[in-house]
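**Q** The structure's right below; bear with me while I get my questions together.
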Amino acid sequence: MRVGVKPGQRVAVLSRVGALAVVVVGIGLLPWLSGRDPALSVLRARAAEQEPTPEAIEAVRRELGLDAGPITLLGRWFGGVVRGDLGTSWANGAEVLPSVLTAAAASLTLMGAALGIAILLAAAICWPTLVRGARGTARVRGNGVIATGLAALPEFLLATLLMLTFSVWLGWLPPYGWDGPKHLVLPALALALPAGGILGRLVDDALPAVFAERWVSLWRSAGCSPRSIALAAVRRATPAVVPQLGLVAVGLTGGAVAVETVFAVPGIGRTALGAAESQDLPLLQGSVLLLIALGVAAGLVAQATRRRLLGPGLRDQALTLPTAPAETTRQPVVPVVCATVLAATIAWGLALDPLHLDTTARLASPSWEHPLGTDSLGRDVLARVGHGAATTIGTAVLVCVASFVIALVAGLSPAITEGISETANAVPPVIAGVLVVAVLGPGALGASIAVALVSWPPLAAHAAALTQETRAAAYLTAQQAIGAGRAWILTRHVLPAVAGPVARHAVLRLPGIALALASLGFLGLGSQPPAPEWGSGLAESLPYVERAPWATLAPAIMLLILAALAVSLSTVRRT
């Protein structure tokens with residue numbers, strides 16, 4: 001019997017190739033989309049003190065062959081890639097391939113350490129639920145608060161707090177550099193804690209439903225050991241989470257540009273950001289190409305692992321789906337407290353003027369006149385926090401809703417969107433921000449579009465995994481056999497089974513989206529001064545953190561309260 005490629009597999013391959021081509025071409029056209037002269041940017045990157053005379057700019061243009069136009073340059077670059085040559089840097093003339101491989105080695109080392117810590121942390125989060133469920137000694141209830149609390153910690157803030165605590169105040173670990181295991185500890189922890197919280201929460205959320213299945217009681221009655229039941233339960237709950245593991249793995253490599261920047265780690269994300277800022281096109285193309293290759297490889301490994309875990313049940317459409325046990329409604333005390341604190345702070349700040357300058361009260365400590373102190377220009381911090389909430393929180397909520405809708409649509413056709421999802425996840429929000437800002441210019445609109453473009457892949461992967469398992473359920477095969485239509489099955493069975501878990505996952509991502517928006521504002525790609533925004537407020541106050549920590553802590557605490565609100569909302573369940 002001749003074995004051929006299935007149509008779904010062919011579509012998935014075409015999706016990956018098409019998404020890769022679109023991103024690489026977009027990167028290649030960045031200097032021309034920005035409306036700035038690439039020769040001028042390269043000249044400034046090489047020698048900032050040199051006068052940009054027309055003769056000097058023309059010399060750079062002739063040297064790099066920019067007169068040939070973007071299409072010709074892209075063709076030359078693709079030809080070099082086929083021969084294993086990524087070209088030379090426009091900024092310093094160095095070979096791109098060794099630079100990219102060196103940066104990738106640093107990022108992969110950091111990713112491996114962070115991923116190992118994240119898996120151990122996820123196992124620790126799930127351990128109490130796993131033990132109770134395997135022994136049948138008590139009602140199984142997941143540790144949602146702890147897991148989602150860790151998942152909601154913003155990496156940028158976590159990195160800053162770790163550096164201040166263990167490097168500046170305690171002096172235990174070095175704050176910057178990349179020379180030995182000591183320099184690996186803090187950035188790995190900054191990346192691992194949120195990732196471990198996400199993985200732990202997803203598995204811990206699935207375990208109670210697994211332990212409520214009939215086979216668990218049958219195995220226990222047959223005398224199976226708790227260890228055997230626990231291992232089988234982990235295997236039963238893991239397939240829907242495996243795609244998230246692949247996305248988390250590549251996200252640790254390319255998406256932690258802020259962490260690499262804080263700790264001065266010479267990784268691939270930081271290299272791509274520097275190349276984008278200097279418009280070093282060959283280095284930027286090589287960096288993004290490697291990021292996308294890592295994303296595609298991680299996605300393929302995750303999909304293969306998931307299919308192996310599910311076994312023939314997925315192929316034969318004979319899966320049984322776990323049904324979550326009924327739970328009593330939890331009193332929403334924490335979300336009410338968090339929402340009240342946020343609302344009160346924002347309302348109080350909105351009553352003040354965020355643009356009023358008082359040069360006689362620069363970096364003033366908190367007082368009755370300025371409850372949260374003032375910044376380096378003498379502006380009231382409370383006023384800027386309150387007015388900045390509309391930009392940060394409001395935009396984050398809109399982006400979160402848009403990502404949820406896109407994820408549901410993409411999850412219903414995973415073969416078409418799988419490659420696009422992997423490619424989008426491999427592009428850090430900062431790089432997406434650079435691309436979007438190159439076209440639209442810096443501002444809140446460009447930042448929100450950039451974050452939305454890269455925020456939906458984790459949700460889409462989760463939705464696709466749940467959709468595939470639901471469609472492969474045995475009872476739905478029986479429904480199709482008796483004539484049930486695809487639309488009826490979709491609206492009555494698939495969407496209800498997928499929407500709830502993905503919505504809770506989207507709420508978990510809300511603090512991360514707010515952080516991504518704040519990171520773009522921190523790098524000058526979001527709302528522009530003097531407009532109040534939490535990210536730009538962090539950037540402006542960091543140089544004075546030891547002298548006036550309240551200016552930095554105010555927007556940081558607001559982001560943490562927002563994270564706590566998202567955590568508490570995601571753990572409130574209906575009866």
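Letters A, B, ... mark the chains of the structure tokens in the order given; residue numbers begin at 1 per chain; ligand numbers begin at 1, in order shown.
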So that I can see what lies close to segment 120-135 of chain A, please list as a list in words the residues with an atom at most 6 Å from it, counting only C-alpha atoms and leaving out residues fewer than 5 positions away in the same chain.
**A**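 Returned residues: Val140, Gly142, Gly196, Leu199, Gly200, Asp204, Phe211, Pro226, Ile229 and Ala230 of chain A.
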**Q** Can you pull out every residue within 9 Å of Phe263 of chain A, counting only C-alpha atoms, but drop anything in the same chain fewer than 6 positions away, and send it as an mmCIF file with N, CA, C and O atoms, in the first residue's frame?
**A**
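Listed below is the output, out11.cif:
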```cif
data_model
loop_
_atom_site.group_PDB
_atom_site.id
_atom_site.type_symbol
_atom_site.label_atom_id
_atom_site.label_comp_id
_atom_site.auth_asym_id
_atom_site.auth_seq_id
_atom_site.Cartn_x
_atom_site.Cartn_y
_atom_site.Cartn_z
ATOM 1 N N ALA A 159 12.478 40.347 36.733
ATOM 2 C CA ALA A 159 13.918 40.494 36.517
ATOM 3 C C ALA A 159 14.467 41.698 37.279
ATOM 4 O O ALA A 159 15.537 41.624 37.903
ATOM 5 N N THR A 160 13.728 42.805 37.241
ATOM 6 C CA THR A 160 14.180 44.005 37.946
ATOM 7 C C THR A 160 14.226 43.784 39.453
ATOM 8 O O THR A 160 15.197 44.156 40.123
ATOM 9 N N MET A 163 17.119 41.468 40.399
ATOM 10 C CA MET A 163 18.406 42.145 40.318
ATOM 11 C C MET A 163 18.596 43.088 41.502
ATOM 12 O O MET A 163 19.658 43.120 42.128
ATOM 13 N N PRO A 175 24.895 41.373 38.769
ATOM 14 C CA PRO A 175 23.709 41.910 38.109
ATOM 15 C C PRO A 175 23.766 41.861 36.590
ATOM 16 O O PRO A 175 22.717 41.798 35.943
ATOM 17 N N TYR A 176 24.945 41.890 36.019
ATOM 18 C CA TYR A 176 25.073 41.975 34.571
ATOM 19 C C TYR A 176 26.115 40.979 34.089
ATOM 20 O O TYR A 176 26.908 40.444 34.859
ATOM 21 N N GLY A 177 26.106 40.768 32.767
ATOM 22 C CA GLY A 177 27.158 39.990 32.131
ATOM 23 C C GLY A 177 26.764 38.552 31.873
ATOM 24 O O GLY A 177 25.660 38.101 32.190
ATOM 25 N N TRP A 178 27.710 37.833 31.262
ATOM 26 C CA TRP A 178 27.470 36.449 30.869
ATOM 27 C C TRP A 178 28.802 35.706 30.943
ATOM 28 O O TRP A 178 29.467 35.444 29.952
ATOM 29 N N HIS A 183 26.104 34.054 36.566
ATOM 30 C CA HIS A 183 25.366 34.993 35.730
ATOM 31 C C HIS A 183 24.099 34.379 35.136
ATOM 32 O O HIS A 183 23.273 35.090 34.561
ATOM 33 N N LEU A 186 19.934 34.410 37.933
ATOM 34 C CA LEU A 186 18.847 35.386 37.996
ATOM 35 C C LEU A 186 18.023 35.444 36.705
ATOM 36 O O LEU A 186 16.785 35.402 36.769
ATOM 37 N N PRO A 187 18.640 35.531 35.512
ATOM 38 C CA PRO A 187 17.795 35.538 34.310
ATOM 39 C C PRO A 187 17.014 34.247 34.123
ATOM 40 O O PRO A 187 15.871 34.274 33.643
#
```
**Q** Please, what distance in Å, to one decimal, runs between atom CA of Ala396 of chain A and atom CA of Ile513 of chain A?
**A**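 Result for atom CA of Ala396 of chain A versus atom CA of Ile513 of chain A: 5.7 Å, one decimal.
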**Q** Using only C-alpha atoms, which of A:Gly116, A:Gly223, A:Pro181, A:Gly500 sits nearest Leu193 of chain A?
**A**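 Under the stated criterion, the closest residue is A:Gly116.
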**Q** Do you know which residues are at most 10 Å from Ala103 of chain A counting only C-alpha atoms, after dropping those on the same chain fewer than 5 positions away, and could you put them as a list in words?
**A** Leu97, Pro98, Leu108, Val265, Pro266, Gly267, Ile268, Gly269, Arg270, Thr271, Ala272 and Ser287 of chain A
**Q** For the residues in the current selection, export all heavy atoms as an mmCIF file, in the first residue's frame.
**A**
```cif
data_model
loop_
_atom_site.group_PDB
_atom_site.id
_atom_site.type_symbol
_atom_site.label_atom_id
_atom_site.label_comp_id
_atom_site.auth_asym_id
_atom_site.auth_seq_id
_atom_site.Cartn_x
_atom_site.Cartn_y
_atom_site.Cartn_z
ATOM 1 N N LEU A 97 26.730 34.791 10.352
ATOM 2 C CA LEU A 97 26.491 33.447 10.865
ATOM 3 C C LEU A 97 27.190 33.187 12.193
ATOM 4 O O LEU A 97 26.552 32.706 13.144
ATOM 5 C CB LEU A 97 26.901 32.405 9.821
ATOM 6 C CG LEU A 97 26.607 30.944 10.186
ATOM 7 C CD1 LEU A 97 25.120 30.745 10.440
ATOM 8 C CD2 LEU A 97 27.096 30.009 9.088
ATOM 9 N N PRO A 98 28.491 33.494 12.348
ATOM 10 C CA PRO A 98 29.105 33.284 13.670
ATOM 11 C C PRO A 98 28.460 34.122 14.774
ATOM 12 O O PRO A 98 28.304 33.644 15.906
ATOM 13 C CB PRO A 98 30.566 33.697 13.441
ATOM 14 C CG PRO A 98 30.788 33.540 11.982
ATOM 15 C CD PRO A 98 29.484 33.904 11.345
ATOM 16 N N LEU A 108 20.093 29.547 24.076
ATOM 17 C CA LEU A 108 19.731 28.146 24.296
ATOM 18 C C LEU A 108 20.178 27.679 25.679
ATOM 19 O O LEU A 108 19.485 26.883 26.322
ATOM 20 C CB LEU A 108 20.339 27.277 23.205
ATOM 21 C CG LEU A 108 19.701 27.399 21.819
ATOM 22 C CD1 LEU A 108 20.488 26.598 20.803
ATOM 23 C CD2 LEU A 108 18.248 26.951 21.848
ATOM 24 N N VAL A 265 22.389 39.988 28.808
ATOM 25 C CA VAL A 265 22.697 38.663 28.287
ATOM 26 C C VAL A 265 22.826 38.768 26.767
ATOM 27 O O VAL A 265 21.899 39.228 26.097
ATOM 28 C CB VAL A 265 21.590 37.652 28.656
ATOM 29 C CG1 VAL A 265 21.882 36.293 28.033
ATOM 30 C CG2 VAL A 265 21.475 37.536 30.161
ATOM 31 N N PRO A 266 23.942 38.340 26.182
ATOM 32 C CA PRO A 266 24.127 38.467 24.731
ATOM 33 C C PRO A 266 23.382 37.382 23.961
ATOM 34 O O PRO A 266 23.983 36.577 23.238
ATOM 35 C CB PRO A 266 25.656 38.333 24.568
ATOM 36 C CG PRO A 266 26.066 37.448 25.703
ATOM 37 C CD PRO A 266 25.146 37.794 26.848
ATOM 38 N N GLY A 267 22.053 37.351 24.107
ATOM 39 C CA GLY A 267 21.243 36.326 23.474
ATOM 40 C C GLY A 267 20.721 36.754 22.117
ATOM 41 O O GLY A 267 20.934 37.872 21.649
ATOM 42 N N ILE A 268 19.984 35.833 21.493
ATOM 43 C CA ILE A 268 19.512 36.075 20.129
ATOM 44 C C ILE A 268 18.437 37.155 20.094
ATOM 45 O O ILE A 268 18.351 37.936 19.148
ATOM 46 C CB ILE A 268 18.981 34.750 19.518
ATOM 47 C CG1 ILE A 268 18.736 34.904 18.026
ATOM 48 C CG2 ILE A 268 17.745 34.270 20.237
ATOM 49 C CD1 ILE A 268 19.993 35.106 17.237
ATOM 50 N N GLY A 269 17.607 37.224 21.140
ATOM 51 C CA GLY A 269 16.586 38.264 21.172
ATOM 52 C C GLY A 269 17.184 39.649 21.286
ATOM 53 O O GLY A 269 16.778 40.578 20.584
ATOM 54 N N ARG A 270 18.166 39.799 22.159
ATOM 55 C CA ARG A 270 18.845 41.084 22.317
ATOM 56 C C ARG A 270 19.619 41.448 21.051
ATOM 57 O O ARG A 270 19.684 42.616 20.658
ATOM 58 C CB ARG A 270 19.783 41.005 23.517
ATOM 59 C CG ARG A 270 20.399 42.326 23.925
ATOM 60 C CD ARG A 270 20.943 42.222 25.339
ATOM 61 N NE ARG A 270 21.682 43.429 25.703
ATOM 62 C CZ ARG A 270 22.995 43.479 25.856
ATOM 63 N NH1 ARG A 270 23.720 42.391 25.653
ATOM 64 N NH2 ARG A 270 23.591 44.583 26.202
ATOM 65 N N THR A 271 20.206 40.447 20.397
ATOM 66 C CA THR A 271 20.912 40.693 19.141
ATOM 67 C C THR A 271 19.956 41.181 18.061
ATOM 68 O O THR A 271 20.262 42.126 17.321
ATOM 69 C CB THR A 271 21.612 39.406 18.673
ATOM 70 O OG1 THR A 271 22.567 39.001 19.655
ATOM 71 C CG2 THR A 271 22.327 39.619 17.352
ATOM 72 N N ALA A 272 18.784 40.554 17.968
ATOM 73 C CA ALA A 272 17.798 40.974 16.969
ATOM 74 C C ALA A 272 17.301 42.385 17.249
ATOM 75 O O ALA A 272 17.105 43.180 16.316
ATOM 76 C CB ALA A 272 16.621 39.993 16.949
ATOM 77 N N SER A 287 19.003 36.639 12.582
ATOM 78 C CA SER A 287 18.487 36.410 13.929
ATOM 79 C C SER A 287 17.040 35.949 13.896
ATOM 80 O O SER A 287 16.660 34.977 14.574
ATOM 81 C CB SER A 287 18.621 37.693 14.759
ATOM 82 O OG SER A 287 19.967 38.110 14.848
#
```
**Q** Suppose you want the space between atom CA of Ala45 of chain A and atom CA of Ser278 of chain A; what is it in Å?
**A**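 So the two atoms, atom CA of Ala45 of chain A and atom CA of Ser278 of chain A, lie 5.6 Å apart.
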**Q** Write down as a count of residues only the residues belonging to segment 176-250 of chain A that are assigned helix (DSSP H, G or I) by DSSP computed on the backbone.
**A** 59
**Q** With a distance cut-off of 12 Å and only C-alpha atoms, select the neighbouring residues of segment 434-445 of chain A, excluding the residue or stretch itself and same-chain residues fewer than 5 positions from it, and output the selection as a PyMOL selection string.
**A** chain A and resi 23-36+272-279+284+288+388+390-396+398-399+427-429+450-454+517-518+520-529+531-533+535-536
**Q** Generate the output file for the selected residues, C-alpha atoms, as a PDB file, in the first residue's frame.
**A**
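What landed in result.pdb:
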```
ATOM      1  CA  VAL A  23       8.001  37.359   8.034  1.00  0.00           C
ATOM      2  CA  VAL A  24      11.425  37.229   6.384  1.00  0.00           C
ATOM      3  CA  VAL A  25      10.283  39.429   3.496  1.00  0.00           C
ATOM      4  CA  GLY A  26       8.761  41.854   5.989  1.00  0.00           C
ATOM      5  CA  ILE A  27      12.038  41.991   7.874  1.00  0.00           C
ATOM      6  CA  GLY A  28      13.913  42.549   4.653  1.00  0.00           C
ATOM      7  CA  LEU A  29      11.654  45.454   3.698  1.00  0.00           C
ATOM      8  CA  LEU A  30      11.937  47.098   7.134  1.00  0.00           C
ATOM      9  CA  PRO A  31      14.411  49.839   6.112  1.00  0.00           C
ATOM     10  CA  TRP A  32      12.219  50.844   3.189  1.00  0.00           C
ATOM     11  CA  LEU A  33       8.925  50.563   5.116  1.00  0.00           C
ATOM     12  CA  SER A  34      10.274  52.871   7.802  1.00  0.00           C
ATOM     13  CA  GLY A  35      10.544  55.774   5.368  1.00  0.00           C
ATOM     14  CA  ARG A  36      14.103  56.459   6.558  1.00  0.00           C
ATOM     15  CA  ALA A 272      17.798  40.974  16.969  1.00  0.00           C
ATOM     16  CA  LEU A 273      16.646  44.059  18.880  1.00  0.00           C
ATOM     17  CA  GLY A 274      19.998  45.771  18.467  1.00  0.00           C
ATOM     18  CA  ALA A 275      20.072  44.921  14.765  1.00  0.00           C
ATOM     19  CA  ALA A 276      16.557  46.299  14.312  1.00  0.00           C
ATOM     20  CA  GLU A 277      17.425  49.543  16.080  1.00  0.00           C
ATOM     21  CA  SER A 278      20.523  50.055  13.915  1.00  0.00           C
ATOM     22  CA  GLN A 279      18.785  48.705  10.772  1.00  0.00           C
ATOM     23  CA  LEU A 284      18.347  41.113  11.733  1.00  0.00           C
ATOM     24  CA  VAL A 288      14.789  36.281  13.056  1.00  0.00           C
ATOM     25  CA  GLY A 388      -1.660  55.800  32.572  1.00  0.00           C
ATOM     26  CA  ALA A 390      -6.435  53.970  30.710  1.00  0.00           C
ATOM     27  CA  THR A 391      -3.617  53.311  28.253  1.00  0.00           C
ATOM     28  CA  THR A 392      -2.123  50.197  29.847  1.00  0.00           C
ATOM     29  CA  ILE A 393      -5.132  48.342  31.267  1.00  0.00           C
ATOM     30  CA  GLY A 394      -7.650  49.407  28.641  1.00  0.00           C
ATOM     31  CA  THR A 395      -5.387  48.472  25.749  1.00  0.00           C
ATOM     32  CA  ALA A 396      -4.402  45.186  27.418  1.00  0.00           C
ATOM     33  CA  LEU A 398      -8.817  44.936  24.176  1.00  0.00           C
ATOM     34  CA  VAL A 399      -5.770  43.015  22.987  1.00  0.00           C
ATOM     35  CA  VAL A 427       8.832  36.576  16.928  1.00  0.00           C
ATOM     36  CA  PRO A 428       9.334  38.513  20.193  1.00  0.00           C
ATOM     37  CA  PRO A 429       6.818  41.310  20.853  1.00  0.00           C
ATOM     38  CA  ALA A 450       2.189  44.451  17.597  1.00  0.00           C
ATOM     39  CA  VAL A 451       1.258  42.752  20.883  1.00  0.00           C
ATOM     40  CA  ALA A 452      -1.979  41.382  19.415  1.00  0.00           C
ATOM     41  CA  LEU A 453      -0.066  39.830  16.521  1.00  0.00           C
ATOM     42  CA  VAL A 454       2.078  37.735  18.886  1.00  0.00           C
ATOM     43  CA  LEU A 517       2.644  46.856  26.186  1.00  0.00           C
ATOM     44  CA  ALA A 518       4.646  48.285  29.068  1.00  0.00           C
ATOM     45  CA  LEU A 520       7.184  48.557  24.273  1.00  0.00           C
ATOM     46  CA  GLY A 521       6.489  51.786  26.125  1.00  0.00           C
ATOM     47  CA  PHE A 522       9.681  51.242  28.101  1.00  0.00           C
ATOM     48  CA  LEU A 523      11.659  50.943  24.823  1.00  0.00           C
ATOM     49  CA  GLY A 524      10.003  54.014  23.308  1.00  0.00           C
ATOM     50  CA  LEU A 525       7.805  52.104  20.856  1.00  0.00           C
ATOM     51  CA  GLY A 526       4.484  52.734  22.614  1.00  0.00           C
ATOM     52  CA  SER A 527       2.839  55.895  23.872  1.00  0.00           C
ATOM     53  CA  GLN A 528       5.207  58.809  23.562  1.00  0.00           C
ATOM     54  CA  PRO A 529       6.140  61.339  26.276  1.00  0.00           C
ATOM     55  CA  ALA A 531       1.710  61.042  27.823  1.00  0.00           C
ATOM     56  CA  PRO A 532       1.468  59.005  31.067  1.00  0.00           C
ATOM     57  CA  GLU A 533       1.973  55.274  30.571  1.00  0.00           C
ATOM     58  CA  GLY A 535       5.939  51.295  30.720  1.00  0.00           C
ATOM     59  CA  SER A 536       7.421  54.687  29.958  1.00  0.00           C
TER      60      SER A 536
END
```
**Q** Residues at most 8 Å from Ala554 of chain A, counting only C-alpha atoms, excluding those fewer than 2 positions away in the same chain, as an mmCIF file with N, CA, C and O atoms, in the first residue's frame?
**A**
```cif
data_model
loop_
_atom_site.group_PDB
_atom_site.id
_atom_site.type_symbol
_atom_site.label_atom_id
_atom_site.label_comp_id
_atom_site.auth_asym_id
_atom_site.auth_seq_id
_atom_site.Cartn_x
_atom_site.Cartn_y
_atom_site.Cartn_z
ATOM 1 N N LEU A 372 2.183 59.473 46.381
ATOM 2 C CA LEU A 372 3.146 58.496 45.886
ATOM 3 C C LEU A 372 4.462 59.145 45.491
ATOM 4 O O LEU A 372 5.286 58.534 44.815
ATOM 5 N N VAL A 381 3.412 61.299 40.849
ATOM 6 C CA VAL A 381 3.416 59.902 40.418
ATOM 7 C C VAL A 381 2.008 59.314 40.443
ATOM 8 O O VAL A 381 1.614 58.564 39.543
ATOM 9 N N LEU A 382 1.210 59.645 41.460
ATOM 10 C CA LEU A 382 -0.154 59.136 41.538
ATOM 11 C C LEU A 382 -0.971 59.578 40.340
ATOM 12 O O LEU A 382 -1.751 58.791 39.776
ATOM 13 N N VAL A 385 0.125 57.547 37.350
ATOM 14 C CA VAL A 385 -0.351 56.172 37.455
ATOM 15 C C VAL A 385 -1.832 56.091 37.097
ATOM 16 O O VAL A 385 -2.271 55.203 36.355
ATOM 17 N N TRP A 550 10.059 54.849 45.032
ATOM 18 C CA TRP A 550 8.597 54.933 44.921
ATOM 19 C C TRP A 550 8.165 55.247 43.491
ATOM 20 O O TRP A 550 7.100 54.805 43.063
ATOM 21 N N ALA A 551 8.971 55.979 42.737
ATOM 22 C CA ALA A 551 8.599 56.292 41.359
ATOM 23 C C ALA A 551 8.595 55.048 40.494
ATOM 24 O O ALA A 551 7.814 54.948 39.534
ATOM 25 N N THR A 552 9.454 54.079 40.815
ATOM 26 C CA THR A 552 9.478 52.812 40.079
ATOM 27 C C THR A 552 8.450 51.839 40.618
ATOM 28 O O THR A 552 7.786 51.125 39.861
ATOM 29 N N ALA A 556 4.960 49.532 39.026
ATOM 30 C CA ALA A 556 5.207 48.103 39.207
ATOM 31 C C ALA A 556 4.120 47.466 40.067
ATOM 32 O O ALA A 556 3.607 46.380 39.753
ATOM 33 N N ILE A 557 3.745 48.131 41.144
ATOM 34 C CA ILE A 557 2.703 47.593 42.019
ATOM 35 C C ILE A 557 1.361 47.559 41.307
ATOM 36 O O ILE A 557 0.563 46.624 41.492
ATOM 37 N N MET A 558 1.084 48.541 40.469
ATOM 38 C CA MET A 558 -0.161 48.522 39.717
ATOM 39 C C MET A 558 -0.231 47.315 38.783
ATOM 40 O O MET A 558 -1.275 46.662 38.664
#
```
**Q** Between A:Ala364, A:Ala548, A:Val42, A:Ala344, single out the one closest to Ala59 of chain A, counting only C-alpha atoms.
**A**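 Between A:Ala364, A:Ala548, A:Val42, A:Ala344, the residue approaching Ala59 of chain A most closely is A:Val42.
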**Q** Mind checking which residues fall within 12 Å of Val60 of chain A, counting only C-alpha atoms, ignoring those fewer than 2 positions away in the same chain, and posting them as a PDB file with N, CA and C atoms, in the first residue's frame?
**A**
```pdb
ATOM      1  N   ASP A  37      16.197  56.657   5.376  1.00  0.00           N
ATOM      2  CA  ASP A  37      17.253  56.237   4.480  1.00  0.00           C
ATOM      3  C   ASP A  37      18.097  55.162   5.168  1.00  0.00           C
ATOM      4  N   PRO A  38      18.129  53.921   4.643  1.00  0.00           N
ATOM      5  CA  PRO A  38      18.943  52.883   5.282  1.00  0.00           C
ATOM      6  C   PRO A  38      20.416  53.261   5.361  1.00  0.00           C
ATOM      7  N   ALA A  39      20.928  53.956   4.367  1.00  0.00           N
ATOM      8  CA  ALA A  39      22.341  54.351   4.382  1.00  0.00           C
ATOM      9  C   ALA A  39      22.630  55.293   5.548  1.00  0.00           C
ATOM     10  N   LEU A  40      21.696  56.193   5.845  1.00  0.00           N
ATOM     11  CA  LEU A  40      21.885  57.104   6.975  1.00  0.00           C
ATOM     12  C   LEU A  40      21.888  56.350   8.292  1.00  0.00           C
ATOM     13  N   SER A  41      20.975  55.371   8.445  1.00  0.00           N
ATOM     14  CA  SER A  41      20.937  54.576   9.677  1.00  0.00           C
ATOM     15  C   SER A  41      22.219  53.775   9.859  1.00  0.00           C
ATOM     16  N   VAL A  42      22.721  53.185   8.776  1.00  0.00           N
ATOM     17  CA  VAL A  42      23.955  52.413   8.863  1.00  0.00           C
ATOM     18  C   VAL A  42      25.137  53.317   9.206  1.00  0.00           C
ATOM     19  N   LEU A  43      25.173  54.504   8.622  1.00  0.00           N
ATOM     20  CA  LEU A  43      26.259  55.436   8.907  1.00  0.00           C
ATOM     21  C   LEU A  43      26.258  55.828  10.378  1.00  0.00           C
ATOM     22  N   ARG A  44      25.082  56.087  10.944  1.00  0.00           N
ATOM     23  CA  ARG A  44      24.994  56.453  12.357  1.00  0.00           C
ATOM     24  C   ARG A  44      25.359  55.290  13.256  1.00  0.00           C
ATOM     25  N   ALA A  45      25.032  54.066  12.829  1.00  0.00           N
ATOM     26  CA  ALA A  45      25.392  52.891  13.623  1.00  0.00           C
ATOM     27  C   ALA A  45      26.896  52.670  13.629  1.00  0.00           C
ATOM     28  N   ARG A  46      27.545  52.961  12.520  1.00  0.00           N
ATOM     29  CA  ARG A  46      28.996  52.752  12.434  1.00  0.00           C
ATOM     30  C   ARG A  46      29.763  53.839  13.175  1.00  0.00           C
ATOM     31  N   ALA A  47      29.379  55.079  12.987  1.00  0.00           N
ATOM     32  CA  ALA A  47      30.113  56.196  13.591  1.00  0.00           C
ATOM     33  C   ALA A  47      29.119  57.307  13.893  1.00  0.00           C
ATOM     34  N   PRO A  52      26.839  63.325   8.753  1.00  0.00           N
ATOM     35  CA  PRO A  52      26.157  62.607   7.667  1.00  0.00           C
ATOM     36  C   PRO A  52      26.047  63.453   6.394  1.00  0.00           C
ATOM     37  N   THR A  53      27.171  63.681   5.759  1.00  0.00           N
ATOM     38  CA  THR A  53      27.179  64.462   4.519  1.00  0.00           C
ATOM     39  C   THR A  53      26.615  63.631   3.373  1.00  0.00           C
ATOM     40  N   PRO A  54      26.112  64.287   2.331  1.00  0.00           N
ATOM     41  CA  PRO A  54      25.608  63.525   1.176  1.00  0.00           C
ATOM     42  C   PRO A  54      26.663  62.601   0.587  1.00  0.00           C
ATOM     43  N   GLU A  55      27.916  63.000   0.608  1.00  0.00           N
ATOM     44  CA  GLU A  55      28.971  62.152   0.054  1.00  0.00           C
ATOM     45  C   GLU A  55      29.150  60.886   0.895  1.00  0.00           C
ATOM     46  N   ALA A  56      29.143  61.041   2.243  1.00  0.00           N
ATOM     47  CA  ALA A  56      29.301  59.880   3.110  1.00  0.00           C
ATOM     48  C   ALA A  56      28.131  58.912   2.972  1.00  0.00           C
ATOM     49  N   ILE A  57      26.922  59.458   2.887  1.00  0.00           N
ATOM     50  CA  ILE A  57      25.735  58.605   2.741  1.00  0.00           C
ATOM     51  C   ILE A  57      25.772  57.873   1.406  1.00  0.00           C
ATOM     52  N   GLU A  58      26.172  58.562   0.352  1.00  0.00           N
ATOM     53  CA  GLU A  58      26.240  57.938  -0.965  1.00  0.00           C
ATOM     54  C   GLU A  58      27.300  56.838  -0.994  1.00  0.00           C
ATOM     55  N   ARG A  62      26.562  52.937  -1.963  1.00  0.00           N
ATOM     56  CA  ARG A  62      27.266  52.177  -3.001  1.00  0.00           C
ATOM     57  C   ARG A  62      27.923  50.924  -2.418  1.00  0.00           C
ATOM     58  N   GLU A  63      28.485  51.038  -1.214  1.00  0.00           N
ATOM     59  CA  GLU A  63      29.153  49.897  -0.589  1.00  0.00           C
ATOM     60  C   GLU A  63      28.187  48.747  -0.346  1.00  0.00           C
ATOM     61  N   LEU A  64      26.978  49.062   0.128  1.00  0.00           N
ATOM     62  CA  LEU A  64      26.001  48.026   0.463  1.00  0.00           C
ATOM     63  C   LEU A  64      25.114  47.638  -0.703  1.00  0.00           C
ATOM     64  N   GLY A  65      25.222  48.356  -1.821  1.00  0.00           N
ATOM     65  CA  GLY A  65      24.387  48.053  -2.972  1.00  0.00           C
ATOM     66  C   GLY A  65      22.936  48.417  -2.777  1.00  0.00           C
ATOM     67  N   LEU A  66      22.665  49.438  -1.966  1.00  0.00           N
ATOM     68  CA  LEU A  66      21.281  49.809  -1.686  1.00  0.00           C
ATOM     69  C   LEU A  66      20.574  50.378  -2.897  1.00  0.00           C
ATOM     70  N   ASP A  67      21.332  50.873  -3.880  1.00  0.00           N
ATOM     71  CA  ASP A  67      20.694  51.427  -5.072  1.00  0.00           C
ATOM     72  C   ASP A  67      19.963  50.348  -5.866  1.00  0.00           C
ATOM     73  N   TRP A  90      26.039  45.037   8.305  1.00  0.00           N
ATOM     74  CA  TRP A  90      26.159  46.377   7.735  1.00  0.00           C
ATOM     75  C   TRP A  90      26.846  47.328   8.708  1.00  0.00           C
ATOM     76  N   ALA A  91      26.758  47.038  10.011  1.00  0.00           N
ATOM     77  CA  ALA A  91      27.282  47.974  11.003  1.00  0.00           C
ATOM     78  C   ALA A  91      28.786  47.831  11.206  1.00  0.00           C
TER      79      ALA A  91
END
```
